[in-house]
Amino acid sequence: MPVEIRVPQLGESVVDAVVGTWLKKEGDPVQVGETLVELETDKVNVEITAEQSGVLAKILKPEGETVAVGEVIGAIEEGAVAAAPAPAAAAEAQAAPAPATAAPAPEPEPVTVPAAPGGPRATPAVRRLAAEYDIDLAQVPASGEGGRVTREDVLAYIQRAGRTREAAPVAPANGAEAPAAPAPAPTPAAPVAPTAPTAPSPLPFEIAADGRREERVRMTRRRQTIAQRLVEAQHTAAMLTTFNEVDMSAVIELRKRRGEAFQQRHGVKLGFMSFFTKAVVGALKAFPYLNAEIQGNEIVLKHYYDIGIAVGTDEGLVVPVVRDADRKSFADIEREILDLATRAREGKLQLQELMGGTFTITNGGIYGSLLSTPILNPPQVGILGMHKIEQRPVVVDGEIVIRPMMYLALSYDHRIVDGSDAVRFLVRVKELIEDPESLLLEG
């Protein structure tokens with residue numbers, strides 16, 4: 001009797017998803033617990049695993065289709081799966097000579113060897129890209145954190161190997177070399193006009209009407225949601241940005257002086273994010289309307305501090321939340337941010353870790369941004385943008401000195417946050433960062 005494959009509960013407020021990638025084809029054998037398909041939601045990707053061993057009998061919802069919670073998207077037919085021939089029998093069959101009068105045997109179909117469990121770390125988007133070019137991720141040199149294979153690693157491998165989307169035959173699992181395909185008959189090349197040499201492109205392109213190359217890429221559900229929320233923020237909030245700059249000398253000196261002992265004691269590096277998280281909490285306590293949201297004709301002031309930390313991933317920006325940041329130590333905050341950021345890039349965050357948040361911090365400085373105007377993360381009414389630290393001449397006590405300076409940007413919803421409060425909030429963050437010892441008292 002067929003076992004239905006249904007869309008599971010996806011989390012609070014998430015009612016549908018997009019079918020991302022079917023990892024099995026109709027007729028493929030499946031084992032209980034094996035991943036069948038990836039679903040894309042606006043927050044995280046969800047894997048659906050087989051609840052029964054058997055054969056994937058039917059795929060009812062193809063890739064790219066929107067599906068609802070509880071909807072049937074496929075079926076597994078229970079029963080035994082035809083076993084592959086034993087290695088000894090296969091070797092014996094291969095060694096047996098063919099009769100002299102026999103017709104030539106047809107070449108075997110290309111076989112794709114399934115990836116071994118516990119293979120290289122990569123996001124679902126990177127795995128899909130590798131699958132399109134029939135690339136074994138284990139062969140791709142990884143440059144990401146913790147041995148993670150990134151999109152750039154796969155593209156570089158594609159370019160070096162000159163691969164295309166047409167799948168190349170993979171060696172059989174028994175280690176024997178695959179038979180070489182017969183070389184195609186040469187065809188005379190048509191004369192072409194000489195052109196300037198161009199570097200080969202790692203991706204196939206369509207040829208537009210004017211003869212230039214284009215590529216179409218389907219937007220993921222997460223990217224669609226990001227686009228929708230950014231436009232929504234622009235249309236619904238009276239958004240304004242104010243700027244200031246902060247001298248990072250005291251924080252840098254403190255990290256140099258105490259960083260090694262901090263890491264030995266707590267097992268995590270003392271970064272900049274814990275200082276800014278603490279400074280933001282201190283400023284929010286002084287200016288509570290930046291820790292609020294609008295609900296109808298009411299302002300909801302929140303007396304807890306759940307700080308969202310923006311993290312860039314291969315599939316777009318996500319904002320995991322550090323809950324009750326005011327009650328956490330520097331070490332607690334650093335550990336939690338590191339854990340959330342790592343799992344965000346691996347696509348392993350839980351939905352509840354992305355929900356809520358009363359204020360957001362985004363650090364464009366890690367990408368080299370000198371100045372930007374961050375966009376609000378609705379329904380929040382404030383977001384702090386950090387930027388690149390640069391040595392700049394500044395005037396201190398009437399003298400020009402060189403200091404490590406960072407521009408700060410605060411975007412806020414002018415509907416409930418007055419300009420004077422926004423400016424003083426940012427000044428308070430600046431004061432706390434320039435005197436980090438005060439964070440023990442204020443943050």
# chains A, B, ... in the order shown; residues from 1 in each chain; ligands from 1

$ residues_around --residues "A:Met406" --least-positions-apart "6" --cutoff "10 Å" --atoms "only C-alpha atoms" --output "PyMOL selection string"
chain A and resi 244-248+365+370-371+386-392+430

$ closest_atom_pairs --of "stretch 300-338 of chain A" --to "stretch 226-239 of chain A" --cutoff "10 Å" --atoms "only C-alpha atoms" --output "CSV"
residue,atom,partner,partner_atom,distance
A:Gly316,CA,A:Ile226,CA,7.8
A:Leu317,CA,A:Ile226,CA,7.7
A:Val318,CA,A:Ile226,CA,8.8

$ write_last_selection --atoms "N, CA and C atoms" --output "CSV table (one decimal), in the first residue's frame"
chain,number,residue,atom,x,y,z
A,316,GLY,N,20.8,34.4,0.9
A,316,GLY,CA,20.2,35.7,1.3
A,316,GLY,C,20.4,36.0,2.7
A,317,LEU,N,20.0,37.1,3.2
A,317,LEU,CA,20.1,37.6,4.5
A,317,LEU,C,19.1,36.9,5.4
A,318,VAL,N,19.6,36.5,6.6
A,318,VAL,CA,18.7,36.0,7.6
A,318,VAL,C,19.0,36.7,8.9

$ select_by_dssp --residues "stretch 274-406 of chain A" --states "helix (DSSP H, G or I)" --output "number ranges by chain"
A: 274-286, 288-291, 325-327, 330-345, 351-354, 364-367

$ select_by_dssp --residues "stretch 314-366 of chain A" --states "strand (DSSP E or B)" --output "ChimeraX atom specification"
/A:316-318,321-322,359-363

$ write_last_selection --atoms "C-alpha atoms" --output "CSV table (one decimal), in the first residue's frame"
chain,number,residue,atom,x,y,z
A,316,GLY,CA,20.2,35.7,1.3
A,317,LEU,CA,20.1,37.6,4.5
A,318,VAL,CA,18.7,36.0,7.6
A,321,VAL,CA,17.7,36.5,17.4
A,322,VAL,CA,19.7,36.6,20.6
A,359,PHE,CA,15.8,45.6,17.4
A,360,THR,CA,18.4,44.6,14.8
A,361,ILE,CA,22.1,45.0,14.3
A,362,THR,CA,23.7,44.6,10.9
A,363,ASN,CA,27.5,44.7,10.2

$ closest_atom_pairs --of "stretch 213-319 of chain A" --to "stretch 136-154 of chain A" --cutoff "12 Å" --atoms "only C-alpha atoms" --output "Markdown table"
| residue | atom | partner | partner_atom | distance |
| --- | --- | --- | --- | --- |
| A:Thr313 | CA | A:Thr150 | CA | 9.8 |
| A:Asp314 | CA | A:Arg151 | CA | 7.2 |
| A:Glu315 | CA | A:Arg151 | CA | 10.0 |

$ residues_around --residues "A:Glu40" --least-positions-apart "5" --cutoff "10 Å" --atoms "only C-alpha atoms" --output "CSV table (one decimal) with C-alpha atoms, in the first residue's frame"
chain,number,residue,atom,x,y,z
A,16,ASP,CA,3.1,27.1,2.7
A,17,ALA,CA,6.4,26.4,1.0
A,18,VAL,CA,8.0,25.9,-2.4
A,19,VAL,CA,9.3,22.5,-3.5
A,20,GLY,CA,13.0,23.2,-3.9
A,21,THR,CA,14.8,20.0,-5.0
A,45,ASN,CA,14.8,25.2,4.2
A,46,VAL,CA,13.0,22.0,5.5
A,47,GLU,CA,14.0,18.5,4.5
A,64,GLY,CA,9.1,25.2,-8.0
A,66,THR,CA,3.9,26.1,-4.0
A,124,PRO,CA,21.1,23.2,-0.1
A,220,THR,CA,14.1,31.1,-4.0
A,221,ARG,CA,11.2,31.5,-1.6
A,222,ARG,CA,13.5,33.2,0.9

$ residues_around --residues "A:Pro379" --least-positions-apart "5" --cutoff "9 Å" --atoms "only C-alpha atoms" --output "PyMOL selection string"
chain A and resi 233+292-295+358
